[in-house]
>>> print(open('my_file38.txt').read())   # compact mmCIF, C-alpha atoms
# COMPACT_ATOMS: atom_id res chain seq x y z
CA MET A 1125 0.00 0.00 0.00
CA PRO A 1126 1.37 3.49 -0.79
CA HIS A 1127 1.92 6.21 1.79
CA ASN A 1128 -0.92 8.25 3.16
CA SER A 1129 -0.39 11.21 0.84
CA ASP A 1130 -1.71 13.78 3.33
CA LEU A 1131 0.64 12.49 6.04
CA TYR A 1132 3.60 12.41 3.66
CA ARG A 1133 2.90 16.03 2.74
CA VAL A 1134 2.76 17.00 6.42
CA LEU A 1135 6.01 15.15 7.10
CA SER A 1136 7.76 16.76 4.12
CA ASP A 1137 6.58 20.25 5.10
CA ARG A 1138 7.62 19.70 8.72
CA ILE A 1139 11.11 18.62 7.62
CA ARG A 1140 11.56 21.58 5.26
CA GLN A 1141 10.40 24.05 7.91
CA SER A 1142 12.64 22.71 10.68
CA PRO A 1143 15.87 24.60 11.43
CA HIS A 1144 18.17 21.89 10.04
CA GLN A 1145 15.67 20.42 7.54
CA ARG A 1146 15.36 17.25 9.59
CA LEU A 1147 13.35 15.66 12.40
CA SER A 1148 14.40 13.31 15.15
CA PHE A 1149 13.13 9.76 14.76
CA ALA A 1150 10.88 10.39 17.78
CA GLU A 1151 9.25 13.34 15.99
CA PHE A 1152 8.77 11.20 12.89
CA MET A 1153 7.20 8.37 14.92
CA GLU A 1154 4.85 10.80 16.68
CA LEU A 1155 3.63 12.09 13.31
CA ALA A 1156 3.33 8.63 11.74
CA LEU A 1157 1.23 7.26 14.59
CA TYR A 1158 -0.70 10.19 16.03
CA HIS A 1159 -1.04 13.08 13.55
CA PRO A 1160 -4.75 14.06 13.58
CA GLN A 1161 -5.16 14.00 9.79
CA GLY A 1162 -2.97 11.05 8.85
CA GLY A 1163 -1.62 9.15 11.84
CA TYR A 1164 -1.99 5.38 12.01
CA TYR A 1165 -3.89 5.36 15.30
CA THR A 1166 -5.98 8.44 14.62
CA THR A 1167 -7.24 7.78 11.07
CA LYS A 1168 -6.87 4.13 10.03
CA ASP A 1169 -9.93 1.90 10.25
CA ALA A 1170 -9.77 -1.64 11.67
CA ILE A 1171 -6.22 -1.55 12.99
CA LEU A 1172 -6.92 -4.00 15.82
CA GLY A 1173 -8.10 -7.58 15.88
CA PHE A 1174 -8.05 -10.48 13.45
CA GLY A 1175 -9.16 -8.20 10.59
CA GLY A 1176 -6.58 -5.54 11.39
CA ASP A 1177 -2.81 -5.47 11.75
CA PHE A 1178 -2.30 -7.12 15.14
CA VAL A 1179 -4.18 -8.92 17.93
CA THR A 1180 -4.05 -8.11 21.64
CA SER A 1181 -5.00 -10.24 24.65
CA ALA A 1182 -8.45 -8.65 24.67
CA HIS A 1183 -9.24 -10.14 21.25
CA LEU A 1184 -8.95 -13.70 22.57
CA GLY A 1185 -12.23 -13.63 24.48
CA HIS A 1186 -13.60 -12.07 27.65
CA ASP A 1187 -11.15 -13.75 30.03
CA PHE A 1188 -8.35 -11.16 30.05
CA GLY A 1189 -10.63 -8.28 31.08
CA GLU A 1190 -12.59 -10.42 33.51
CA LEU A 1191 -9.44 -11.59 35.30
CA LEU A 1192 -8.19 -8.00 35.46
CA ALA A 1193 -11.49 -7.13 37.15
CA THR A 1194 -10.65 -9.62 39.89
CA GLN A 1195 -7.39 -7.75 40.48
CA PHE A 1196 -9.12 -4.36 40.42
CA ALA A 1197 -11.65 -5.53 43.02
CA GLU A 1198 -8.83 -6.61 45.32
CA MET A 1199 -7.16 -3.23 44.85
CA TRP A 1200 -10.40 -1.54 45.88
CA GLU A 1201 -10.51 -3.63 49.04
CA HIS A 1202 -6.85 -2.85 49.79
CA LEU A 1203 -7.57 0.87 49.45
CA SER A 1204 -10.36 0.56 52.08
CA ARG A 1205 -13.18 0.70 49.53
CA PRO A 1206 -12.83 4.32 48.38
CA GLN A 1207 -15.73 6.15 46.76
CA PRO A 1208 -15.09 6.94 44.03
CA PHE A 1209 -12.73 4.17 43.05
CA SER A 1210 -11.09 5.42 39.84
CA LEU A 1211 -9.91 3.10 37.10
CA VAL A 1212 -8.04 5.10 34.46
CA GLU A 1213 -7.39 3.11 31.28
CA MET A 1214 -4.94 4.77 28.92
CA GLY A 1215 -5.19 3.69 25.29
CA ALA A 1216 -8.34 1.58 25.49
CA GLY A 1217 -8.37 0.33 21.89
CA GLN A 1218 -11.84 -0.80 20.89
CA GLY A 1219 -13.03 -0.83 24.51
CA LEU A 1220 -12.87 -4.61 24.85
CA ILE A 1221 -11.04 -4.71 28.18
CA ALA A 1222 -13.27 -1.99 29.56
CA ALA A 1223 -16.44 -3.86 28.57
CA ASP A 1224 -15.22 -7.16 29.99
CA ALA A 1225 -13.94 -5.58 33.21
CA LEU A 1226 -17.07 -3.49 33.75
CA GLY A 1227 -19.32 -6.48 33.14
CA ALA A 1228 -17.34 -8.66 35.53
CA LEU A 1229 -17.31 -6.01 38.27
CA GLN A 1230 -21.03 -5.42 37.85
CA ASN A 1231 -21.88 -9.12 38.02
CA HIS A 1232 -19.39 -10.41 40.59
CA PHE A 1233 -18.24 -7.39 42.63
CA PRO A 1234 -21.34 -5.17 42.80
CA ASP A 1235 -20.12 -3.08 45.75
CA CYS A 1236 -16.90 -2.22 43.91
CA PHE A 1237 -18.89 -1.48 40.74
CA ALA A 1238 -21.17 0.88 42.69
CA ALA A 1239 -18.13 2.92 43.74
CA LEU A 1240 -16.51 2.86 40.31
CA SER A 1241 -15.48 5.79 38.14
CA TYR A 1242 -14.07 4.42 34.86
CA GLN A 1243 -12.02 7.00 32.99
CA ILE A 1244 -10.54 6.49 29.53
CA VAL A 1245 -7.65 8.45 28.05
CA GLU A 1246 -7.81 8.06 24.26
CA LYS A 1247 -6.15 10.14 21.52
CA SER A 1248 -7.99 8.61 18.57
CA ASP A 1249 -11.45 9.96 17.76
CA ARG A 1250 -12.22 6.79 15.78
CA LEU A 1251 -11.30 4.49 18.62
CA ARG A 1252 -13.19 6.67 21.08
CA ALA A 1253 -16.32 6.36 18.92
CA ALA A 1254 -15.95 2.57 18.97
CA GLN A 1255 -15.46 2.66 22.74
CA GLU A 1256 -18.54 4.82 23.29
CA GLN A 1257 -20.68 2.42 21.29
CA ARG A 1258 -19.38 -0.71 23.02
CA LEU A 1259 -19.58 0.80 26.51
CA SER A 1260 -23.03 2.36 26.16
CA PRO A 1261 -24.54 -0.07 28.74
CA TRP A 1262 -22.25 1.53 31.34
CA ALA A 1263 -22.50 5.12 30.09
CA GLU A 1264 -23.12 6.48 33.59
CA ARG A 1265 -19.83 4.96 34.78
CA VAL A 1266 -17.49 5.93 31.93
CA THR A 1267 -15.95 9.27 31.02
CA TRP A 1268 -13.36 10.25 28.40
CA LEU A 1269 -10.67 12.85 28.99
CA ASN A 1270 -7.09 13.83 28.23
CA LEU A 1271 -4.39 12.83 30.68
CA GLU A 1272 -3.56 16.50 31.17
CA GLU A 1273 -7.13 17.17 32.31
CA ILE A 1274 -6.73 14.93 35.36
CA PRO A 1275 -5.64 17.10 38.30
CA ASP A 1276 -2.42 16.21 40.08
CA ASP A 1277 -2.78 14.14 43.24
CA SER A 1278 -6.44 13.41 42.48
CA ILE A 1279 -6.77 9.71 41.61
CA THR A 1280 -7.44 7.05 44.21
CA GLY A 1281 -7.53 3.78 42.34
CA CYS A 1282 -5.49 2.41 39.46
CA PHE A 1283 -3.97 3.69 36.23
CA PHE A 1284 -3.54 0.80 33.80
CA THR A 1285 -2.47 0.10 30.24
CA ASN A 1286 -2.26 -2.89 27.92
CA GLU A 1287 0.16 -2.47 25.01
CA LEU A 1288 0.32 1.32 25.20
CA VAL A 1289 3.90 2.10 26.22
CA ASP A 1290 5.38 0.18 23.27
CA ALA A 1291 3.67 2.69 20.94
CA LEU A 1292 5.08 5.81 22.60
CA PRO A 1293 7.62 7.57 20.34
CA VAL A 1294 11.28 6.65 20.80
CA HIS A 1295 14.53 8.32 19.84
CA GLN A 1296 17.00 6.16 17.95
CA VAL A 1297 20.73 6.38 18.56
CA VAL A 1298 23.83 4.76 17.05
CA MET A 1299 27.25 4.24 18.58
CA THR A 1300 29.95 5.50 16.23
CA GLU A 1301 33.71 5.85 16.46
CA SER A 1302 33.14 9.46 17.53
CA GLY A 1303 30.61 8.53 20.20
CA LEU A 1304 26.83 8.51 20.55
CA GLN A 1305 24.92 9.94 17.58
CA GLU A 1306 21.20 10.36 16.99
CA VAL A 1307 19.15 9.20 14.00
CA TYR A 1308 17.39 12.02 12.15
CA ILE A 1309 14.93 11.92 9.25
CA THR A 1310 15.37 14.19 6.24
CA LEU A 1311 14.49 14.25 2.52
CA SER A 1312 16.75 13.18 -0.30
CA ASP A 1313 17.68 15.65 -3.02
CA GLY A 1314 15.89 15.77 -6.36
CA PRO A 1315 12.31 16.05 -7.61
CA ASP A 1316 11.28 12.65 -6.22
CA ALA A 1317 12.41 13.29 -2.68
CA SER A 1318 12.17 10.33 -0.32
CA VAL A 1319 12.71 9.91 3.40
CA VAL A 1320 16.32 9.15 4.35
CA GLU A 1321 18.22 8.89 7.62
CA VAL A 1322 21.21 10.93 8.74
CA LEU A 1323 23.30 10.76 11.90
CA ASP A 1324 24.35 13.78 13.94
CA SER A 1325 24.93 14.93 17.50
CA PRO A 1326 22.14 14.14 19.99
CA SER A 1327 19.28 16.64 20.05
CA THR A 1328 19.23 16.67 23.85
CA PRO A 1329 21.62 15.66 26.65
CA ARG A 1330 18.75 13.56 28.04
CA LEU A 1331 19.71 10.82 25.56
CA ALA A 1332 23.10 10.23 27.19
CA ASP A 1333 21.62 10.76 30.66
CA TYR A 1334 19.07 8.03 29.94
CA PHE A 1335 21.71 5.32 29.71
CA ALA A 1336 23.31 6.41 32.99
CA PHE A 1337 19.83 6.39 34.54
CA VAL A 1338 19.20 2.75 33.57
CA GLY A 1339 22.75 1.59 34.32
CA ILE A 1340 24.05 1.01 30.79
CA ASP A 1341 27.48 2.16 29.56
CA LEU A 1342 27.46 2.32 25.78
CA ALA A 1343 31.16 3.26 25.86
CA ASP A 1344 31.87 -0.31 26.97
CA PRO A 1345 33.91 -2.10 24.26
CA GLN A 1346 31.16 -4.74 23.92
CA TYR A 1347 29.10 -2.15 22.00
CA ALA A 1348 30.78 -2.07 18.61
CA SER A 1349 30.57 0.83 16.20
CA GLY A 1350 27.19 0.65 14.46
CA TYR A 1351 25.29 -0.55 17.54
CA ARG A 1352 21.80 0.93 17.20
CA THR A 1353 19.03 1.12 19.78
CA GLU A 1354 16.17 3.17 21.22
CA VAL A 1355 15.82 5.74 24.00
CA HIS A 1356 12.41 6.00 25.67
CA LEU A 1357 12.16 9.63 26.76
CA ALA A 1358 8.40 9.78 26.08
CA ALA A 1359 7.87 6.78 28.36
CA LEU A 1360 9.77 8.55 31.15
CA ASP A 1361 7.63 11.67 30.68
CA TRP A 1362 4.47 9.54 30.66
CA MET A 1363 5.42 7.79 33.88
CA LYS A 1364 6.21 11.12 35.56
CA THR A 1365 2.78 12.47 34.58
CA VAL A 1366 0.92 9.37 35.80
CA ALA A 1367 2.78 9.36 39.11
CA ALA A 1368 1.84 13.00 39.67
CA LYS A 1369 -1.85 12.32 39.01
CA LEU A 1370 -2.03 9.37 41.43
CA HIS A 1371 -2.92 10.25 45.01
CA ARG A 1372 -3.13 6.71 46.36
CA GLY A 1373 -3.27 3.39 44.59
CA TYR A 1374 -1.63 1.52 41.75
CA VAL A 1375 -0.12 1.75 38.28
CA LEU A 1376 -0.46 -1.49 36.29
CA THR A 1377 1.44 -1.74 33.00
CA VAL A 1378 1.15 -4.74 30.65
CA ASP A 1379 3.43 -4.81 27.63
CA TYR A 1380 6.24 -6.62 25.86
CA GLY A 1381 9.76 -5.67 26.81
CA TYR A 1382 12.85 -6.39 28.87
CA PRO A 1383 14.89 -5.12 31.79
CA ALA A 1384 17.69 -2.81 30.65
CA SER A 1385 20.36 -5.52 30.94
CA ARG A 1386 18.54 -7.61 28.33
CA TYR A 1387 17.25 -4.70 26.27
CA TYR A 1388 20.75 -3.38 25.66
CA SER A 1389 22.48 -6.71 25.21
CA ARG A 1390 25.37 -6.85 22.77
CA ALA A 1391 23.45 -9.29 20.58
CA ARG A 1392 20.50 -6.90 20.16
CA SER A 1393 22.65 -4.66 17.96
CA GLN A 1394 19.83 -3.14 15.90
CA GLY A 1395 17.41 -2.40 18.72
CA THR A 1396 13.84 -3.64 19.02
CA LEU A 1397 11.90 -1.40 16.61
CA GLN A 1398 9.22 -3.33 14.72
CA CYS A 1399 6.44 -2.45 12.31
CA TYR A 1400 3.16 -4.34 11.92
CA TYR A 1401 1.16 -4.38 8.72
CA GLN A 1402 -1.63 -6.90 8.05
CA HIS A 1403 -0.37 -9.35 10.69
CA ALA A 1404 3.17 -9.35 9.29
CA HIS A 1405 6.07 -7.61 11.00
CA HIS A 1406 9.17 -6.02 9.49
CA ASP A 1407 11.72 -3.35 10.39
CA ASN A 1408 11.13 -0.56 7.85
CA PRO A 1409 9.28 2.33 9.55
CA TYR A 1410 9.29 4.40 6.35
CA SER A 1411 7.08 2.10 4.28
CA HIS A 1412 3.26 2.18 4.38
CA LEU A 1413 3.42 5.60 6.05
CA GLY A 1414 0.25 6.10 8.09
CA HIS A 1415 -0.92 2.56 7.34
CA GLN A 1416 1.29 0.53 9.69
CA ASP A 1417 2.03 0.31 13.38
CA ILE A 1418 5.50 1.23 14.66
CA THR A 1419 6.55 -0.06 18.07
CA ALA A 1420 9.56 -0.62 20.27
CA HIS A 1421 9.85 -2.99 23.20
CA VAL A 1422 9.49 -1.41 26.64
CA ASN A 1423 12.50 -0.85 28.88
CA PHE A 1424 10.94 -1.89 32.19
CA THR A 1425 14.00 -0.85 34.19
CA ALA A 1426 13.41 2.70 32.99
CA LEU A 1427 9.73 2.58 34.04
CA GLU A 1428 10.59 1.18 37.46
CA ARG A 1429 13.35 3.70 38.17
CA GLN A 1430 11.35 6.65 36.85
CA GLY A 1431 8.42 5.57 38.98
CA GLU A 1432 10.60 5.35 42.07
CA HIS A 1433 12.11 8.74 41.22
CA CYS A 1434 8.57 10.18 41.08
CA GLY A 1435 7.24 8.70 44.32
CA LEU A 1436 6.03 5.26 43.25
CA GLU A 1437 7.12 1.98 44.79
CA THR A 1438 7.71 -1.08 42.64
CA LEU A 1439 5.44 -3.79 44.03
CA GLY A 1440 6.44 -6.46 41.56
CA ALA A 1441 6.90 -7.52 37.98
CA THR A 1442 5.87 -10.86 36.56
CA GLN A 1443 4.98 -12.56 33.30
CA GLN A 1444 1.43 -12.19 31.99
CA GLY A 1445 0.97 -15.96 32.02
CA ILE A 1446 1.83 -16.20 35.72
CA PHE A 1447 -0.25 -13.11 36.51
CA LEU A 1448 -3.37 -14.52 34.84
CA MET A 1449 -2.91 -17.97 36.35
CA ALA A 1450 -2.69 -16.39 39.81
CA LEU A 1451 -5.97 -14.58 39.13
CA GLY A 1452 -7.82 -17.77 38.20
CA LEU A 1453 -7.13 -18.64 34.58
CA GLY A 1454 -6.09 -22.12 35.68
CA ASP A 1455 -9.52 -22.64 37.21
CA ARG A 1456 -11.10 -21.72 33.89
CA LEU A 1457 -8.94 -24.24 32.07
CA ALA A 1458 -9.81 -26.92 34.62
CA ALA A 1459 -13.53 -26.20 34.20
CA LEU A 1460 -13.22 -26.60 30.43
CA GLY A 1461 -11.52 -29.94 31.01
CA GLN A 1462 -14.57 -31.14 32.94
CA ILE A 1463 -16.97 -30.52 30.07
CA GLN A 1464 -18.54 -33.76 28.94
CA ALA A 1465 -20.82 -33.31 25.97
CA SER A 1466 -21.96 -35.54 23.19
CA ASP A 1467 -22.75 -32.84 20.65
CA PRO A 1468 -19.78 -31.74 18.49
CA THR A 1469 -20.67 -28.04 18.71
CA THR A 1470 -20.20 -27.85 22.49
CA VAL A 1471 -16.96 -29.83 22.33
CA ASN A 1472 -15.69 -27.64 19.49
CA LEU A 1473 -16.43 -24.42 21.37
CA ALA A 1474 -14.67 -25.75 24.47
CA ILE A 1475 -11.59 -26.65 22.42
CA GLN A 1476 -11.52 -23.20 20.79
CA ARG A 1477 -11.83 -21.43 24.13
CA ARG A 1478 -9.13 -23.59 25.68
CA ASP A 1479 -6.84 -22.70 22.77
CA LYS A 1480 -7.42 -18.98 23.36
CA LEU A 1481 -6.73 -19.34 27.08
CA HIS A 1482 -3.48 -21.10 26.27
CA GLN A 1483 -2.54 -18.25 23.93
CA LEU A 1484 -2.93 -15.80 26.83
CA ILE A 1485 -0.34 -17.72 28.86
CA ASN A 1486 1.92 -19.03 26.07
CA PRO A 1487 5.51 -18.26 27.21
CA MET A 1488 6.52 -17.88 23.56
CA GLY A 1489 3.91 -15.19 22.96
CA LEU A 1490 1.46 -13.15 25.04
CA GLY A 1491 2.26 -15.11 28.19
CA ASN A 1492 5.76 -13.65 28.16
CA PHE A 1493 4.52 -10.06 28.31
CA VAL A 1494 5.60 -8.21 31.45
CA VAL A 1495 3.09 -7.08 34.08
CA LEU A 1496 4.59 -4.26 36.17
CA VAL A 1497 2.72 -3.07 39.26
CA GLN A 1498 3.71 0.09 41.10
CA GLY A 1499 2.03 1.71 44.08
CA LYS A 1500 1.74 4.92 46.06
CA GLY A 1501 0.49 5.69 49.56
CA LEU A 1502 -0.21 2.04 50.39
CA THR A 1503 -0.34 0.19 53.68
CA PRO A 1504 1.94 -2.87 53.93
CA ALA A 1505 -1.01 -5.21 53.41
CA ALA A 1506 -2.07 -3.32 50.27
CA LYS A 1507 1.27 -4.05 48.62
CA THR A 1508 0.53 -7.78 48.32
CA LEU A 1509 -1.61 -8.48 45.29
CA LYS A 1510 -3.10 -11.75 44.14
CA GLY A 1511 -1.81 -11.29 40.60
CA LEU A 1512 1.77 -11.05 41.85
CA THR A 1513 1.63 -14.29 43.83
CA VAL A 1514 2.90 -17.59 42.43
CA PRO A 1515 -0.10 -19.58 41.18
CA PRO A 1516 -0.52 -23.22 42.21
CA LEU A 1517 0.65 -25.83 39.75
CA MET A 1518 -2.06 -27.26 37.54
>>> encode(input="my_file38.txt", output="structure tokens")
Amino acid sequence: MPHNSDLYRVLSDRIRQSPHQRLSFAEFMELALYHPQGGYYTTKDAILGFGGDFVTSAHLGHDFGELLATQFAEMWEHLSRPQPFSLVEMGAGQGLIAADALGALQNHFPDCFAALSYQIVEKSDRLRAAQEQRLSPWAERVTWLNLEEIPDDSITGCFFTNELVDALPVHQVVMTESGLQEVYITLSDGPDASVVEVLDSPSTPRLADYFAFVGIDLADPQYASGYRTEVHLAALDWMKTVAAKLHRGYVLTVDYGYPASRYYSRARSQGTLQCYYQHAHHDNPYSHLGHQDITAHVNFTALERQGEHCGLETLGATQQGIFLMALGLGDRLAALGQIQASDPTTVNLAIQRRDKLHQLINPMGLGNFVVLVQGKGLTPAAKTLKGLTVPPLM
């Protein structure tokens, strides 16, 4: 598919108008994903699900959102049943998790549901419209707002995300013989100008500071000239903002990524940047402009340390598979195993559902996602969460 012509025009104009006729890769990624008139998340139809470009845990049935609801209900109890109890979902996609969590809280934890204020932070007007339609049965419980509209020190409850941080813009850097250089985007010469990369001095000292912050020394001889990777300044800024908004409660982040020691391994010499287009992934962010997702794995060390720097305590990090098993996914699998039916339809449905549950915990896929839980203003008892415990063996 060709570029989104409107977005390419915006990108070209932005490059030509910039002081050095170039943009940082982070500025390019912000435009490609979030520009109001051409960004992937803001304008493309059907980006999520089996008919889109990628599938999330929420597309594998109701179980992911329902099990999260179990964790949210425990958080409410730990916080001494506040009213309101605020759940702030950032980047809610098509509203699938919200619908499943709201339904589960309403049906199984009615007291928690009665205290609930469900707030959604969503940049995309198209996704917001889909969310409003899906969540209409709970319209009195759900509000939409910008993160900046939430007052500091105002939320008692939980901020949570599923596959949001990986889509925040990243800077790209390369180690050269002359030291750390940043990747910039510019236009080639000639009438048929195309997007090309150039290297130059870092646009901000925060890029070098970032590596010191997460305990990585790129001057170490193990990082050969040409070593390329990402710097997650937007994720640090996001975590600082969330921590400031939280008065008392939790931040729950689900995403794919690594601790810094694994993220910046010598073997990962070209970073983690990936693009998704029609369920295929590749590493060219300049193709299918406006029509493909661009992501980078999350540096969870950076999120933990930034959280601690901003007043949050790291309560634990675990794999999604372990997290969901601790919340009861194993019980659901066991119940499916007890189904005894003679009609093929019932047996078939049970097999399909079991397969989807296994996908949620598959250590080679979604089950290997990281679940990071941070807290603020908690009693000692409130720091122990069911999802962070080791589940019993099946």
>>> atom_distance(input="my_file38.txt", atom1="CA of Met1449 in chain A", atom2="CA of Gly1189 in chain A")
13.5 Å
>>> residues_around(input="my_file38.txt", residues="Pro1329 in chain A", least_positions_apart="4", cutoff="12 Å", atoms="all atoms listed in the file", output="list in words")
Leu1304, Gln1305, Glu1306, Ser1325, Asp1333, Tyr1334, Phe1335, Ala1336, Val1355 and Leu1357 of chain A
>>> residues_around(input="my_file38.txt", residues="Ser1148 in chain A", least_positions_apart="6", cutoff="7 Å", atoms="only C-alpha atoms", output="number ranges by chain")
A: 1295, 1307-1309
>>> closest_residue(input="my_file38.txt", among="A:Asp1187, A:Ala1505, A:Thr1285, A:Trp1268", to="Asp1249 in chain A", atoms="only C-alpha atoms")
A:Trp1268
>>> residues_around(input="my_file38.txt", residues="Val1497 in chain A", least_positions_apart="4", cutoff="6 Å", atoms="all atoms listed in the file", output="NGL selection string")
:A and (1375-1376 or 1439-1440)
>>> residues_around(input="my_file38.txt", residues="Arg1478 in chain A", least_positions_apart="4", cutoff="7 Å", atoms="all atoms listed in the file", output="list of chain:residue names")
A:Leu1457, A:Leu1460, A:Ala1474, A:His1482
>>> closest_residue(input="my_file38.txt", among="A:His1433, A:Arg1372, A:His1403, A:His1412", to="Val1179 in chain A", atoms="all atoms listed in the file")
A:His1403
>>> atom_distance(input="my_file38.txt", atom1="CA of Tyr1165 in chain A", atom2="CA of Leu1191 in chain A")
26.8 Å
>>> atom_distance(input="my_file38.txt", atom1="CA of Arg1392 in chain A", atom2="CA of Val1422 in chain A")
13.9 Å
>>> closest_residue(input="my_file38.txt", among="A:Met1214, A:Leu1360, A:Val1322, A:Met1488", to="Gln1444 in chain A", atoms="all atoms listed in the file")
A:Met1488
>>> closest_residue(input="my_file38.txt", among="A:Val1471, A:Ala1150, A:Ala1368, A:Leu1311", to="His1356 in chain A", atoms="only C-alpha atoms")
A:Ala1150
>>> closest_residue(input="my_file38.txt", among="A:Ile1418, A:Ile1279, A:Ile1274, A:Leu1490", to="Phe1209 in chain A", atoms="all atoms listed in the file")
A:Ile1279
